[in-house]
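What's in model.tsv: TSV, C-alpha atoms and all ligand atoms
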```tsv
chain	number	residue	atom	x	y	z
A	9	ASN	CA	26.07	-62.88	20.21
A	10	MET	CA	28.39	-61.65	22.97
A	11	ILE	CA	29.24	-58.32	21.37
A	12	LYS	CA	27.32	-55.51	22.96
A	13	PRO	CA	26.29	-52.31	21.17
A	14	LEU	CA	28.40	-49.27	22.05
A	15	TYR	CA	25.39	-47.03	22.38
A	16	LYS	CA	22.00	-46.98	24.05
A	17	ARG	CA	20.57	-44.11	21.98
A	18	VAL	CA	21.70	-43.00	18.54
A	19	LEU	CA	20.72	-40.35	16.05
A	20	LEU	CA	20.94	-41.72	12.53
A	21	LYS	CA	21.16	-39.15	9.76
A	22	ILE	CA	20.05	-40.46	6.38
A	23	SER	CA	20.51	-38.10	3.46
A	24	GLY	CA	17.78	-37.92	0.86
A	25	GLU	CA	20.27	-39.15	-1.70
A	26	SER	CA	20.81	-42.44	0.09
A	27	LEU	CA	17.09	-43.24	-0.21
A	28	ALA	CA	17.20	-42.59	-3.94
A	29	GLY	CA	19.19	-45.68	-4.79
A	30	PRO	CA	21.23	-45.92	-7.98
A	31	GLN	CA	19.12	-43.44	-9.97
A	32	GLY	CA	19.98	-40.57	-7.61
A	33	PHE	CA	16.51	-39.04	-7.61
A	34	GLY	CA	13.25	-39.84	-5.89
A	35	LEU	CA	12.75	-42.97	-3.85
A	36	ASP	CA	14.06	-46.47	-4.47
A	37	THR	CA	11.90	-49.06	-2.73
A	38	GLU	CA	14.57	-51.73	-2.61
A	39	THR	CA	17.10	-49.35	-1.05
A	40	ILE	CA	14.59	-48.05	1.49
A	41	ASN	CA	13.60	-51.57	2.51
A	42	ARG	CA	17.22	-52.57	2.91
A	43	ILE	CA	17.98	-49.59	5.16
A	44	ALA	CA	14.78	-50.21	7.14
A	45	ASN	CA	15.96	-53.75	7.82
A	46	GLU	CA	19.28	-52.43	9.05
A	47	VAL	CA	17.45	-50.11	11.44
A	48	LYS	CA	15.44	-53.09	12.63
A	49	GLU	CA	18.68	-54.88	13.54
A	50	LEU	CA	19.58	-51.99	15.83
A	51	THR	CA	16.23	-52.01	17.60
A	52	GLU	CA	16.59	-55.77	18.06
A	53	MET	CA	19.86	-55.14	19.89
A	54	GLY	CA	17.97	-52.79	22.20
A	55	VAL	CA	19.38	-49.59	20.73
A	56	GLU	CA	17.04	-46.60	20.72
A	57	VAL	CA	16.99	-45.11	17.24
A	58	ALA	CA	16.03	-41.60	16.25
A	59	ILE	CA	16.36	-40.66	12.60
A	60	VAL	CA	16.74	-37.39	10.74
A	61	VAL	CA	16.05	-37.65	7.04
A	62	GLY	CA	17.27	-35.25	4.38
A	63	GLY	CA	15.45	-34.16	1.27
A	64	GLY	CA	18.11	-33.74	-1.37
A	65	ASN	CA	16.71	-36.56	-3.52
A	66	PHE	CA	13.81	-34.22	-4.31
A	67	TRP	CA	14.87	-30.68	-3.63
A	68	ARG	CA	17.50	-28.55	-1.93
A	69	GLY	CA	17.16	-24.88	-1.09
A	70	ARG	CA	20.05	-24.10	-3.37
A	71	SER	CA	18.28	-25.83	-6.31
A	72	GLY	CA	15.94	-22.86	-6.44
A	73	GLU	CA	18.08	-20.58	-8.58
A	74	GLY	CA	16.52	-17.12	-8.81
A	75	MET	CA	13.89	-18.22	-6.32
A	76	ASP	CA	13.30	-16.63	-2.95
A	77	ARG	CA	15.66	-18.54	-0.65
A	78	THR	CA	13.14	-18.95	2.13
A	79	THR	CA	10.56	-20.43	-0.23
A	80	ALA	CA	13.13	-22.77	-1.72
A	81	ASP	CA	14.15	-23.90	1.77
A	82	TYR	CA	10.54	-24.57	2.77
A	83	MET	CA	10.25	-26.74	-0.34
A	84	GLY	CA	13.32	-28.64	0.85
A	85	MET	CA	11.75	-29.15	4.26
A	86	MET	CA	8.61	-30.51	2.59
A	87	ALA	CA	10.80	-32.95	0.67
A	88	THR	CA	12.11	-34.36	3.96
A	89	VAL	CA	8.51	-35.07	5.00
A	90	ILE	CA	7.95	-37.17	1.87
A	91	ASN	CA	11.07	-39.17	2.73
A	92	ALA	CA	10.06	-39.54	6.37
A	93	LEU	CA	6.67	-40.99	5.44
A	94	ALA	CA	8.24	-43.39	2.95
A	95	PHE	CA	10.70	-44.57	5.58
A	96	GLN	CA	8.02	-44.88	8.24
A	97	ASP	CA	6.00	-47.03	5.87
A	98	ALA	CA	8.99	-49.29	5.21
A	99	LEU	CA	9.64	-49.69	8.95
A	100	GLU	CA	6.00	-50.44	9.70
A	101	ASN	CA	5.99	-53.09	6.98
A	102	ILE	CA	8.55	-54.99	9.03
A	103	ASN	CA	6.66	-54.38	12.27
A	104	ILE	CA	8.74	-51.60	13.75
A	105	LEU	CA	6.62	-49.09	15.64
A	106	THR	CA	7.51	-45.70	14.25
A	107	ARG	CA	6.48	-42.11	14.84
A	108	VAL	CA	7.16	-39.20	12.55
A	109	GLN	CA	7.48	-35.80	14.18
A	110	THR	CA	7.60	-32.67	12.04
A	111	ALA	CA	9.22	-29.36	12.90
A	112	ILE	CA	6.45	-27.65	10.91
A	113	GLU	CA	3.00	-28.63	12.09
A	114	MET	CA	0.97	-30.87	9.78
A	115	ARG	CA	-1.13	-32.73	12.28
A	116	GLN	CA	-3.12	-34.79	9.80
A	117	ILE	CA	0.12	-36.37	8.64
A	118	ALA	CA	2.39	-36.60	11.65
A	119	GLU	CA	2.92	-35.49	15.23
A	120	PRO	CA	4.42	-32.09	15.81
A	121	TYR	CA	7.93	-32.19	17.24
A	122	ILE	CA	7.68	-32.36	21.03
A	123	ARG	CA	10.94	-33.27	22.68
A	124	ARG	CA	9.51	-35.02	25.72
A	125	ARG	CA	7.20	-37.06	23.56
A	126	ALA	CA	10.02	-38.04	21.25
A	127	VAL	CA	12.06	-39.26	24.22
A	128	ARG	CA	9.10	-41.19	25.55
A	129	HIS	CA	8.65	-42.94	22.19
A	130	LEU	CA	12.33	-43.89	22.21
A	131	GLU	CA	12.04	-45.29	25.72
A	132	LYS	CA	9.17	-47.43	24.49
A	133	SER	CA	11.44	-48.77	21.72
A	134	ARG	CA	9.68	-46.87	18.96
A	135	VAL	CA	11.74	-45.43	16.16
A	136	VAL	CA	11.25	-41.68	15.87
A	137	ILE	CA	11.76	-39.94	12.55
A	138	PHE	CA	12.32	-36.19	12.68
A	139	ALA	CA	11.05	-34.47	9.55
A	140	ALA	CA	10.87	-30.93	8.15
A	141	GLY	CA	14.39	-30.17	9.35
A	142	THR	CA	14.60	-27.59	12.11
A	143	GLY	CA	11.58	-25.80	10.67
A	144	ASN	CA	13.78	-22.85	9.76
A	145	PRO	CA	15.16	-21.75	6.41
A	146	TYR	CA	18.94	-21.32	6.04
A	147	PHE	CA	19.55	-24.53	7.98
A	148	SER	CA	20.27	-28.07	6.82
A	149	THR	CA	19.20	-31.50	7.91
A	150	ASP	CA	22.76	-32.00	9.18
A	151	THR	CA	22.14	-29.11	11.55
A	152	THR	CA	18.84	-30.75	12.42
A	153	ALA	CA	20.70	-33.95	13.27
A	154	ALA	CA	23.08	-32.06	15.57
A	155	LEU	CA	20.24	-30.16	17.23
A	156	ARG	CA	17.98	-33.17	17.78
A	157	ALA	CA	20.90	-35.31	18.97
A	158	ALA	CA	21.64	-32.68	21.62
A	159	GLU	CA	17.99	-32.36	22.60
A	160	ILE	CA	17.31	-36.07	23.01
A	161	GLU	CA	20.78	-36.73	24.43
A	162	ALA	CA	21.83	-39.18	21.78
A	163	GLU	CA	25.34	-40.48	22.39
A	164	VAL	CA	26.43	-40.24	18.78
A	165	ILE	CA	25.36	-39.07	15.36
A	166	LEU	CA	25.61	-41.89	12.85
A	167	LEU	CA	26.21	-39.94	9.67
A	168	ALA	CA	25.38	-42.24	6.78
A	169	LYS	CA	26.98	-41.14	3.53
A	170	LYS	CA	27.48	-42.13	-0.09
A	171	VAL	CA	31.25	-42.13	0.51
A	172	ASP	CA	32.51	-44.64	3.09
A	173	ALA	CA	34.55	-42.17	5.19
A	174	VAL	CA	36.03	-38.68	5.26
A	175	TYR	CA	38.94	-38.13	2.85
A	176	ASP	CA	41.22	-35.16	2.20
A	177	ALA	CA	40.02	-35.15	-1.42
A	178	ASP	CA	37.17	-36.75	-3.36
A	179	PRO	CA	38.19	-40.43	-3.62
A	180	ASN	CA	36.03	-40.84	-6.72
A	181	ILE	CA	38.15	-38.23	-8.52
A	182	ASP	CA	41.54	-38.44	-6.80
A	183	PRO	CA	42.86	-42.01	-6.27
A	184	THR	CA	45.57	-40.70	-3.88
A	185	ALA	CA	42.93	-39.25	-1.53
A	186	LYS	CA	43.82	-40.02	2.08
A	187	LYS	CA	41.20	-41.48	4.41
A	188	PHE	CA	40.87	-40.17	7.95
A	189	ASP	CA	40.17	-42.77	10.66
A	190	THR	CA	39.59	-40.06	13.26
A	191	LEU	CA	39.29	-36.29	13.13
A	192	SER	CA	38.65	-33.42	15.51
A	193	TYR	CA	35.78	-31.02	14.90
A	194	ILE	CA	38.20	-28.14	14.59
A	195	ASP	CA	40.14	-29.93	11.84
A	196	VAL	CA	36.92	-30.57	9.93
A	197	LEU	CA	36.27	-26.83	10.10
A	198	LYS	CA	39.86	-25.70	9.44
A	199	LEU	CA	40.48	-28.07	6.54
A	200	GLY	CA	37.03	-27.35	5.10
A	201	LEU	CA	36.29	-31.08	4.85
A	202	LYS	CA	32.96	-31.98	3.35
A	203	VAL	CA	31.42	-33.81	6.28
A	204	MET	CA	28.68	-31.54	7.53
A	205	ASP	CA	28.15	-27.84	6.98
A	206	SER	CA	30.00	-25.63	9.44
A	207	THR	CA	26.84	-24.74	11.38
A	208	ALA	CA	26.18	-28.42	12.07
A	209	THR	CA	29.82	-29.17	12.86
A	210	SER	CA	30.01	-26.24	15.31
A	211	LEU	CA	26.88	-27.37	17.06
A	212	CYS	CA	28.38	-30.83	17.53
A	213	MET	CA	31.66	-29.34	18.72
A	214	ASP	CA	30.04	-27.01	21.26
A	215	ASN	CA	27.88	-29.80	22.66
A	216	LYS	CA	30.46	-32.59	22.40
A	217	ILE	CA	28.40	-34.87	20.19
A	218	PRO	CA	30.64	-37.41	18.43
A	219	ILE	CA	30.00	-38.01	14.74
A	220	GLN	CA	30.54	-41.45	13.22
A	221	VAL	CA	30.74	-41.14	9.44
A	222	PHE	CA	30.27	-44.29	7.37
A	223	GLY	CA	29.03	-45.48	3.99
A	224	LEU	CA	25.47	-46.63	3.71
A	225	ASP	CA	25.84	-48.37	0.34
A	226	GLU	CA	27.70	-51.29	1.91
A	227	PRO	CA	25.00	-53.44	3.54
A	228	GLY	CA	25.41	-54.07	7.28
A	229	ASN	CA	27.42	-50.95	8.06
A	230	ILE	CA	24.94	-49.41	10.51
A	231	LYS	CA	25.22	-52.48	12.70
A	232	ARG	CA	29.01	-52.56	12.28
A	233	VAL	CA	29.52	-49.04	13.63
A	234	VAL	CA	27.12	-49.63	16.52
A	235	LEU	CA	29.03	-52.77	17.47
A	236	GLY	CA	32.26	-50.79	17.45
A	237	GLU	CA	33.88	-52.02	14.27
A	238	LYS	CA	36.44	-49.46	13.13
A	239	ILE	CA	35.05	-48.36	9.80
A	240	GLY	CA	34.52	-44.91	8.36
A	241	THR	CA	35.69	-41.83	10.25
A	242	TYR	CA	35.07	-40.97	13.90
A	243	ILE	CA	34.94	-37.27	14.73
A	244	ASN	CA	35.16	-35.88	18.25
A	245	SER	CA	37.11	-33.36	20.29
B	301	LIG	N1	16.10	-27.27	5.03
B	301	LIG	C1	15.89	-26.07	5.70
B	301	LIG	N2	15.98	-26.04	7.07
B	301	LIG	C2	16.27	-27.14	7.80
B	301	LIG	C3	16.52	-28.36	7.12
B	301	LIG	C4	16.41	-28.40	5.74
B	301	LIG	O1	15.64	-25.04	5.07
B	301	LIG	O2	16.32	-27.05	9.03
B	301	LIG	C5	15.92	-27.32	3.57
B	301	LIG	C6	17.14	-26.84	2.79
B	301	LIG	O3	16.68	-26.13	1.66
B	301	LIG	C7	17.79	-28.13	2.36
B	301	LIG	C8	16.61	-29.02	2.10
B	301	LIG	O4	15.69	-28.65	3.15
B	301	LIG	O5	18.57	-27.96	1.20
B	301	LIG	C9	16.85	-30.50	2.15
B	301	LIG	O6	17.68	-30.83	3.23
B	301	LIG	P1	19.22	-31.28	3.02
B	301	LIG	O7	19.81	-30.56	1.86
B	301	LIG	O8	19.90	-31.13	4.32
B	301	LIG	O9	19.03	-32.80	2.65
B	301	LIG	P2	20.14	-33.93	2.34
B	301	LIG	O10	21.29	-33.26	1.64
B	301	LIG	O11	20.55	-34.51	3.64
B	301	LIG	O12	19.40	-34.92	1.49
```
Could you render the structure from this file as structure tokens?
Ligand code: UDP
Amino acid sequence: NMIKPLYKRVLLKISGESLAGPQGFGLDTETINRIANEVKELTEMGVEVAIVVGGGNFWRGRSGEGMDRTTADYMGMMATVINALAFQDALENINILTRVQTAIEMRQIAEPYIRRRAVRHLEKSRVVIFAAGTGNPYFSTDTTAALRAAEIEAEVILLAKKVDAVYDADPNIDPTAKKFDTLSYIDVLKLGLKVMDSTATSLCMDNKIPIQVFGLDEPGNIKRVVLGEKIGTYINS
């Protein structure tokens, strides 16, 4: 294969939902294994892969109606840890060395987040999964992805989604919805496009971290974007 990957180090954001498979809740083993194999393909190309997992397949802060927001958000962060362990297990089953680092200490389960250690793992070709979000309530795992990408100097955020790109309307509802091939951060913010929350988008904008949005349901897409195939939506300045 003569095609070279575009990136040396990537931050892959996997939402909780994409680990849930067709049922939309909990964990779907077949889906997880498939995504794990796609991550393996990247490591085999020599790409360093850090992953931020979401938790929405179990719980989101905003699910806790009438509940203290901070408590509900901590529950969401715990949900990301469940997903991280499931994904670590799937990667280890196919012989990918993987470390989970949590933003909230739980040393019996995983390493605490230590930036220098995370970078060292990546340099040794280990996949690093960042769990428990940023460790702070009122943030999202998209913000976590932006923050960790900046910290570890990832060249791009690979934002894996249910939808295959960014549209000006929901393509599942509106058949005339227009797909964007490229976008600027400021347009994402101004048009209120549902890519990332505005905190995460701003963080990417201020630190010039490009975001490659693509659909994870279509097998092989992670590799496609890393090899530079023009799919999904590319967001930068
Ligand atoms: N969360 C948080 N702080 C963070 C990251 C996540 O409080 O830094 C909580 C928040 O309640 C969020 C939940 O964890 O709703 C699950 O994360 P998210 O909704 O981002 O998961 P995804 O939608 O990607 O599955």
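Nearest-residue note for ligand LIG 301 (chain B): choosing from A:Ala44, A:Val89, A:Ile11, A:Leu50, the minimum distance belongs to A:Val89, counting only C-alpha atoms and all ligand atoms.
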Task: Residue contacts of Ser148 of chain A (8 Å, only C-alpha atoms) excluding same-chain residues fewer than 6 positions away, as a list in words - done: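 The contact residues come out as Gly141, Thr142, Asp205 and Ala208 of chain A.
Here atom CA of Arg68 of chain A stands at a distance of 22.7 Å from atom CA of Asn180 of chain A.
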Open item on the list: Which residues are near ligand LIG 301 (chain B) in this structure, taking near to mean any atom at most 7 Å from a ligand atom and counting all atoms listed in the file? Format them as number ranges by chain.
Closed with: A: 22-25, 61-65, 67-70, 80-85, 87-88, 140-152
- [ ] Name the residues in contact with Tyr242 of chain A at a cut-off of 12 Å, using all atoms listed in the file, excluding same-chain residues fewer than 3 positions from it; report them as a VMD selection string.
- [x] chain A and resid 164 to 167 172 to 174 187 to 193 196 203 217 to 222 233 236 to 239 245
Would you compute, for all listed atoms of segment 120-130 of chain A, the axis-aligned bounding box grown by 5 Å on each side, and then report its centre and edge lengths in Å rounded to one decimal, as AutoDock Vina command-line options?
```
--center_x 8.4 --center_y -38.0 --center_z 20.8 --size_x 17.9 --size_y 21.8 --size_z 19.9
```
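For the pair atom CA of Val136 of chain A and atom CA of Val108 of chain A, the separation is 5.8 Å.
In this comparison, which uses only C-alpha atoms, the residue of A:Ile104, A:Lys198, A:Leu19, A:Val57 approaching Leu155 of chain A most closely is A:Leu19.
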Task: Length of the atom CA of Val18 of chain A to atom CA of Leu130 of chain A vector [Å] - done: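 Value for the atom CA of Val18 of chain A-atom CA of Leu130 of chain A distance: 10.1 Å.
With all atoms listed in the file as the basis for measurement, A:Ala168 is the residue among A:Ala153, A:Ala168, A:Ala139, A:Leu105 that approaches Glu226 of chain A most closely.
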